[in-house]
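Asker: mmCIF, C-alpha atoms, pLDDT in the B column; chains and numbers go by the auth columns, saved as model.cif, coming up:
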```cif
data_run
#
loop_
_atom_site.group_PDB
_atom_site.id
_atom_site.type_symbol
_atom_site.label_atom_id
_atom_site.label_comp_id
_atom_site.label_asym_id
_atom_site.label_seq_id
_atom_site.Cartn_x
_atom_site.Cartn_y
_atom_site.Cartn_z
_atom_site.B_iso_or_equiv
_atom_site.auth_seq_id
_atom_site.auth_asym_id
ATOM 1 C CA MET A 1 25.571 1.398 0.389 95.00 130 R
ATOM 2 C CA LYS A 2 22.051 0.833 1.639 97.00 131 R
ATOM 3 C CA LEU A 3 19.699 -1.666 0.066 98.00 132 R
ATOM 4 C CA ARG A 4 16.122 -2.554 0.758 98.00 133 R
ATOM 5 C CA VAL A 5 15.094 -6.208 0.523 98.00 134 R
ATOM 6 C CA THR A 6 11.322 -6.667 0.390 98.00 135 R
ATOM 7 C CA ILE A 7 10.029 -10.166 1.097 98.00 136 R
ATOM 8 C CA MET A 8 6.393 -11.028 0.360 98.00 137 R
ATOM 9 C CA PRO A 9 4.384 -14.257 0.419 97.00 138 R
ATOM 10 C CA LYS A 10 4.074 -15.616 -3.139 97.00 139 R
ATOM 11 C CA PRO A 11 0.709 -15.241 -4.882 94.00 140 R
ATOM 12 C CA GLY A 12 -1.494 -18.164 -3.883 93.00 141 R
ATOM 13 C CA VAL A 13 0.290 -18.728 -0.579 96.00 142 R
ATOM 14 C CA LEU A 14 -2.036 -18.250 2.398 95.00 143 R
ATOM 15 C CA ASP A 15 -1.283 -15.049 4.313 97.00 144 R
ATOM 16 C CA PRO A 16 -3.063 -15.221 7.679 97.00 145 R
ATOM 17 C CA GLN A 17 -1.353 -12.035 8.934 97.00 146 R
ATOM 18 C CA GLY A 18 -2.620 -10.100 5.909 97.00 147 R
ATOM 19 C CA LYS A 19 -6.122 -11.530 6.391 97.00 148 R
ATOM 20 C CA ALA A 20 -6.078 -10.516 10.078 98.00 149 R
ATOM 21 C CA ILE A 21 -5.031 -6.967 9.176 98.00 150 R
ATOM 22 C CA ALA A 22 -7.815 -6.736 6.551 98.00 151 R
ATOM 23 C CA GLN A 23 -10.363 -7.855 9.132 97.00 152 R
ATOM 24 C CA ALA A 24 -9.040 -5.413 11.751 98.00 153 R
ATOM 25 C CA LEU A 25 -9.208 -2.532 9.242 98.00 154 R
ATOM 26 C CA ALA A 26 -12.832 -3.425 8.457 97.00 155 R
ATOM 27 C CA THR A 27 -13.630 -3.522 12.180 97.00 156 R
ATOM 28 C CA LEU A 28 -12.085 -0.053 12.564 97.00 157 R
ATOM 29 C CA GLY A 29 -14.429 1.254 9.875 97.00 158 R
ATOM 30 C CA PHE A 30 -12.053 1.421 6.905 96.00 159 R
ATOM 31 C CA ALA A 31 -14.143 0.490 3.856 94.00 160 R
ATOM 32 C CA GLY A 32 -12.871 -0.390 0.385 94.00 161 R
ATOM 33 C CA VAL A 33 -9.917 -2.517 1.429 97.00 162 R
ATOM 34 C CA THR A 34 -9.840 -5.163 -1.304 97.00 163 R
ATOM 35 C CA ASP A 35 -6.761 -7.107 -0.250 97.00 164 R
ATOM 36 C CA VAL A 36 -3.909 -6.972 2.256 98.00 165 R
ATOM 37 C CA ARG A 37 -0.595 -8.846 2.030 98.00 166 R
ATOM 38 C CA ALA A 38 1.900 -8.737 4.878 98.00 167 R
ATOM 39 C CA GLY A 39 5.618 -9.123 4.283 98.00 168 R
ATOM 40 C CA LYS A 40 9.006 -8.087 5.574 98.00 169 R
ATOM 41 C CA THR A 41 11.455 -5.310 4.813 98.00 170 R
ATOM 42 C CA ILE A 42 15.132 -5.785 5.577 98.00 171 R
ATOM 43 C CA LEU A 43 17.349 -2.704 5.291 98.00 172 R
ATOM 44 C CA LEU A 44 20.946 -3.726 4.640 98.00 173 R
ATOM 45 C CA ASP A 45 23.858 -1.346 5.048 98.00 174 R
ATOM 46 C CA LEU A 46 26.779 -2.876 3.147 97.00 175 R
ATOM 47 C CA ALA A 47 30.412 -1.750 3.049 97.00 176 R
ATOM 48 C CA GLU A 48 30.399 -2.525 -0.706 96.00 177 R
ATOM 49 C CA THR A 49 30.094 0.718 -2.711 95.00 178 R
ATOM 50 C CA ASP A 50 29.658 -0.707 -6.232 96.00 179 R
ATOM 51 C CA PRO A 51 25.864 -0.797 -6.805 96.00 180 R
ATOM 52 C CA ALA A 52 25.891 -3.939 -8.997 97.00 181 R
ATOM 53 C CA LYS A 53 28.099 -5.902 -6.584 97.00 182 R
ATOM 54 C CA ALA A 54 26.096 -4.739 -3.562 97.00 183 R
ATOM 55 C CA GLU A 55 22.838 -5.815 -5.214 97.00 184 R
ATOM 56 C CA ALA A 56 24.309 -9.202 -6.129 97.00 185 R
ATOM 57 C CA ALA A 57 25.450 -9.686 -2.514 97.00 186 R
ATOM 58 C CA ALA A 58 22.014 -8.695 -1.183 98.00 187 R
ATOM 59 C CA ARG A 59 20.319 -11.148 -3.579 98.00 188 R
ATOM 60 C CA GLU A 60 22.564 -13.942 -2.336 97.00 189 R
ATOM 61 C CA MET A 61 21.764 -13.025 1.295 98.00 190 R
ATOM 62 C CA ALA A 62 18.047 -13.070 0.506 98.00 191 R
ATOM 63 C CA GLN A 63 18.341 -16.462 -1.245 97.00 192 R
ATOM 64 C CA LYS A 64 20.361 -18.069 1.533 97.00 193 R
ATOM 65 C CA LEU A 65 18.919 -16.538 4.679 97.00 194 R
ATOM 66 C CA LEU A 66 16.361 -13.736 4.493 97.00 195 R
ATOM 67 C CA ALA A 67 13.640 -15.291 2.352 98.00 196 R
ATOM 68 C CA ASN A 68 12.070 -18.731 2.304 97.00 197 R
ATOM 69 C CA THR A 69 11.936 -18.998 -1.491 97.00 198 R
ATOM 70 C CA VAL A 70 9.498 -21.917 -1.377 97.00 199 R
ATOM 71 C CA ILE A 71 6.712 -19.626 -0.164 97.00 200 R
ATOM 72 C CA GLU A 72 8.173 -16.117 -0.436 98.00 201 R
ATOM 73 C CA SER A 73 9.443 -13.929 -3.270 98.00 202 R
ATOM 74 C CA PHE A 74 11.851 -11.066 -2.742 98.00 203 R
ATOM 75 C CA SER A 75 13.028 -7.926 -4.479 97.00 204 R
ATOM 76 C CA VAL A 76 16.164 -5.862 -3.906 98.00 205 R
ATOM 77 C CA GLU A 77 16.341 -2.115 -4.553 96.00 206 R
ATOM 78 C CA PRO A 78 18.585 0.772 -3.479 96.00 207 R
ATOM 79 C CA ALA A 79 17.310 2.400 -0.263 90.00 208 R
ATOM 80 C CA MET B 1 -5.091 1.071 -6.304 95.00 224 F
ATOM 81 C CA LYS B 2 -2.178 -0.679 -4.655 97.00 225 F
ATOM 82 C CA LEU B 3 -0.046 0.975 -1.999 98.00 226 F
ATOM 83 C CA ARG B 4 2.996 -0.188 -0.132 97.00 227 F
ATOM 84 C CA VAL B 5 3.293 0.749 3.546 98.00 228 F
ATOM 85 C CA THR B 6 6.803 0.234 4.911 98.00 229 F
ATOM 86 C CA ILE B 7 7.159 0.179 8.698 98.00 230 F
ATOM 87 C CA MET B 8 10.607 0.371 10.290 98.00 231 F
ATOM 88 C CA PRO B 9 11.861 0.706 13.868 97.00 232 F
ATOM 89 C CA LYS B 10 12.763 4.361 14.529 97.00 233 F
ATOM 90 C CA PRO B 11 16.479 5.242 14.680 94.00 234 F
ATOM 91 C CA GLY B 12 17.727 4.587 18.211 93.00 235 F
ATOM 92 C CA VAL B 13 15.088 1.951 18.937 96.00 236 F
ATOM 93 C CA LEU B 14 16.631 -1.443 19.653 95.00 237 F
ATOM 94 C CA ASP B 15 16.072 -3.909 16.804 96.00 238 F
ATOM 95 C CA PRO B 16 16.891 -7.428 18.071 97.00 239 F
ATOM 96 C CA GLN B 17 15.581 -9.048 14.864 97.00 240 F
ATOM 97 C CA GLY B 18 17.936 -6.919 12.766 97.00 241 F
ATOM 98 C CA LYS B 19 20.836 -7.737 15.081 97.00 242 F
ATOM 99 C CA ALA B 20 20.071 -11.461 14.836 98.00 243 F
ATOM 100 C CA ILE B 21 20.016 -11.277 11.026 98.00 244 F
ATOM 101 C CA ALA B 22 23.358 -9.395 10.988 98.00 245 F
ATOM 102 C CA GLN B 23 24.896 -12.086 13.198 97.00 246 F
ATOM 103 C CA ALA B 24 23.477 -14.907 11.058 98.00 247 F
ATOM 104 C CA LEU B 25 24.840 -13.266 7.889 98.00 248 F
ATOM 105 C CA ALA B 26 28.293 -13.028 9.502 97.00 249 F
ATOM 106 C CA THR B 27 28.084 -16.699 10.514 97.00 250 F
ATOM 107 C CA LEU B 28 27.227 -17.622 6.905 97.00 251 F
ATOM 108 C CA GLY B 29 30.389 -15.854 5.749 97.00 252 F
ATOM 109 C CA PHE B 30 28.928 -12.611 4.387 97.00 253 F
ATOM 110 C CA ALA B 31 31.464 -9.911 5.211 94.00 254 F
ATOM 111 C CA GLY B 32 30.982 -6.155 5.054 94.00 255 F
ATOM 112 C CA VAL B 33 27.481 -6.014 6.517 97.00 256 F
ATOM 113 C CA THR B 34 27.578 -2.759 8.480 97.00 257 F
ATOM 114 C CA ASP B 35 24.001 -2.650 9.752 97.00 258 F
ATOM 115 C CA VAL B 36 20.692 -4.484 9.396 98.00 259 F
ATOM 116 C CA ARG B 37 17.252 -3.154 10.295 98.00 260 F
ATOM 117 C CA ALA B 38 14.183 -5.389 10.126 98.00 261 F
ATOM 118 C CA GLY B 39 10.738 -3.979 9.455 98.00 262 F
ATOM 119 C CA LYS B 40 7.405 -4.779 7.853 98.00 263 F
ATOM 120 C CA THR B 41 5.844 -4.269 4.456 98.00 264 F
ATOM 121 C CA ILE B 42 2.073 -4.141 4.135 98.00 265 F
ATOM 122 C CA LEU B 43 0.660 -4.197 0.604 98.00 266 F
ATOM 123 C CA LEU B 44 -2.788 -2.611 0.543 98.00 267 F
ATOM 124 C CA ASP B 45 -5.180 -3.003 -2.364 98.00 268 F
ATOM 125 C CA LEU B 46 -7.764 -0.243 -2.029 97.00 269 F
ATOM 126 C CA ALA B 47 -10.955 0.304 -4.025 97.00 270 F
ATOM 127 C CA GLU B 48 -10.165 4.054 -4.034 96.00 271 F
ATOM 128 C CA THR B 49 -8.736 5.095 -7.426 95.00 272 F
ATOM 129 C CA ASP B 50 -7.692 8.699 -6.640 96.00 273 F
ATOM 130 C CA PRO B 51 -3.970 8.489 -5.711 96.00 274 F
ATOM 131 C CA ALA B 52 -4.076 11.351 -3.167 97.00 275 F
ATOM 132 C CA LYS B 53 -7.173 9.995 -1.397 97.00 276 F
ATOM 133 C CA ALA B 54 -5.807 6.443 -1.402 97.00 277 F
ATOM 134 C CA GLU B 55 -2.522 7.619 0.110 97.00 278 F
ATOM 135 C CA ALA B 56 -4.357 9.626 2.776 97.00 279 F
ATOM 136 C CA ALA B 57 -6.447 6.545 3.654 97.00 280 F
ATOM 137 C CA ALA B 58 -3.329 4.353 3.831 98.00 281 F
ATOM 138 C CA ARG B 59 -1.610 6.900 6.121 98.00 282 F
ATOM 139 C CA GLU B 60 -4.610 6.858 8.453 97.00 283 F
ATOM 140 C CA MET B 61 -4.580 3.040 8.491 98.00 284 F
ATOM 141 C CA ALA B 62 -0.870 3.059 9.326 98.00 285 F
ATOM 142 C CA GLN B 63 -1.371 5.618 12.123 97.00 286 F
ATOM 143 C CA LYS B 64 -4.315 3.786 13.667 97.00 287 F
ATOM 144 C CA LEU B 65 -3.441 0.128 13.194 97.00 288 F
ATOM 145 C CA LEU B 66 -0.415 -0.892 11.153 97.00 289 F
ATOM 146 C CA ALA B 67 2.400 0.990 12.900 98.00 290 F
ATOM 147 C CA ASN B 68 3.202 1.583 16.543 97.00 291 F
ATOM 148 C CA THR B 69 4.234 5.210 16.081 97.00 292 F
ATOM 149 C CA VAL B 70 5.936 5.349 19.482 97.00 293 F
ATOM 150 C CA ILE B 71 8.726 3.077 18.257 97.00 294 F
ATOM 151 C CA GLU B 72 8.102 2.747 14.503 98.00 295 F
ATOM 152 C CA SER B 73 8.063 5.127 11.555 98.00 296 F
ATOM 153 C CA PHE B 74 6.212 4.407 8.339 98.00 297 F
ATOM 154 C CA SER B 75 6.173 5.508 4.719 97.00 298 F
ATOM 155 C CA VAL B 76 3.474 5.080 2.076 98.00 299 F
ATOM 156 C CA GLU B 77 4.210 4.793 -1.639 96.00 300 F
ATOM 157 C CA PRO B 78 2.398 3.504 -4.736 96.00 301 F
ATOM 158 C CA ALA B 79 3.104 -0.208 -5.327 90.00 302 F
#
```
How would this structure read if it were set down as structure tokens?
Answerer:
Amino acid sequence: MKLRVTIMPKPGVLDPQGKAIAQALATLGFAGVTDVRAGKTILLDLAETDPAKAEAAAREMAQKLLANTVIESFSVEPA
Amino acid sequence: MKLRVTIMPKPGVLDPQGKAIAQALATLGFAGVTDVRAGKTILLDLAETDPAKAEAAAREMAQKLLANTVIESFSVEPA
């Protein structure tokens, strides 16, 4: 089954990529952009078909490899 | 209102980052990973409060700046 892992910088962690995007949007004339945060999406296609087991496996992958949990938080959802 | 823009490589477009993650997961002992695709998540906080207008604005931002629509597809959803 397919799962989506979304990895974002934790609140309070500096996000220079997000800041750069916000500035670029302002330069392009987009007004009313209050905040931008830039993160990653990893789409996993797992052989596991049991939703609970697949989610547990994806969480372990995120903990061990995909996310840097010191500065990033992640969420796992069905894709 | 907050919107989530998800940007992924289009099907058929080579995704070396996804391939590298799949290989690293295999090396770490995670079996049954059929496919991995790596993309971006941009969280936008817009001053606009009307959901339809905010989504239209986010789509325009994705078209013009956030995504490279030649090789990437994007989706916009409320966050």
Asker: Draw an axis-aligned box tight on the listed atoms of region 267-284 of chain F, then pad every side by 6 Å and write out centre and edge lengths in Å to one decimal as JSON.
Answerer:
```
{"center_x": -6.3, "center_y": 4.2, "center_z": 0.5, "size_x": 21.3, "size_y": 26.4, "size_z": 27.9}
```
Asker: Tell me which protein, DNA and RNA residues are within 12 Å of Asp273 (chain F), counting all atoms listed in the file, leaving out same-chain ones fewer than 5 positions away, and put them as a PyMOL selection string.
Answerer: chain F and resi 224-226+278-280+301
Asker: Once the PyMOL selection byres ((chain F) within 7 of (chain R)) has been applied to the shown file, what residues remain in the selection, as a PyMOL selection string?
Answerer: chain F and resi 255-271
Asker: Please compute the CA of Ala275 (chain F)-CA of Val299 (chain F) distance, one decimal, in Å.
Answerer: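 If I compute the distance from CA of Ala275 (chain F) to CA of Val299 (chain F), I get 11.1 Å.
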Asker: Do you have the CA of Lys276 (chain F)-CA of Glu300 (chain F) distance handy?
Answerer: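 Separating CA of Lys276 (chain F) from CA of Glu300 (chain F) is a distance of 12.5 Å.
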Asker: Report as a PDB file with C-alpha atoms, in the frame of the given file the residues that result from applying the PyMOL selection byres ((chain R and resi 200) around 9) to the structure here.
Answerer:
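Full text of selection-v6.pdb as output:
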```
ATOM      1  CA  MET R 137       6.393 -11.028   0.360  1.00 98.00           C
ATOM      2  CA  PRO R 138       4.384 -14.257   0.419  1.00 97.00           C
ATOM      3  CA  LYS R 139       4.074 -15.616  -3.139  1.00 97.00           C
ATOM      4  CA  PRO R 140       0.709 -15.241  -4.882  1.00 94.00           C
ATOM      5  CA  VAL R 142       0.290 -18.728  -0.579  1.00 96.00           C
ATOM      6  CA  ALA R 196      13.640 -15.291   2.352  1.00 98.00           C
ATOM      7  CA  ASN R 197      12.070 -18.731   2.304  1.00 97.00           C
ATOM      8  CA  THR R 198      11.936 -18.998  -1.491  1.00 97.00           C
ATOM      9  CA  VAL R 199       9.498 -21.917  -1.377  1.00 97.00           C
ATOM     10  CA  GLU R 201       8.173 -16.117  -0.436  1.00 98.00           C
ATOM     11  CA  SER R 202       9.443 -13.929  -3.270  1.00 98.00           C
TER      12      SER R 202
END
```
Asker: Using CA of Thr178 (chain R) and CA of Ala208 (chain R) as the two end points, give the distance in Å to one decimal.
Answerer: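 Going from CA of Thr178 (chain R) over to CA of Ala208 (chain R), I get 13.1 Å.
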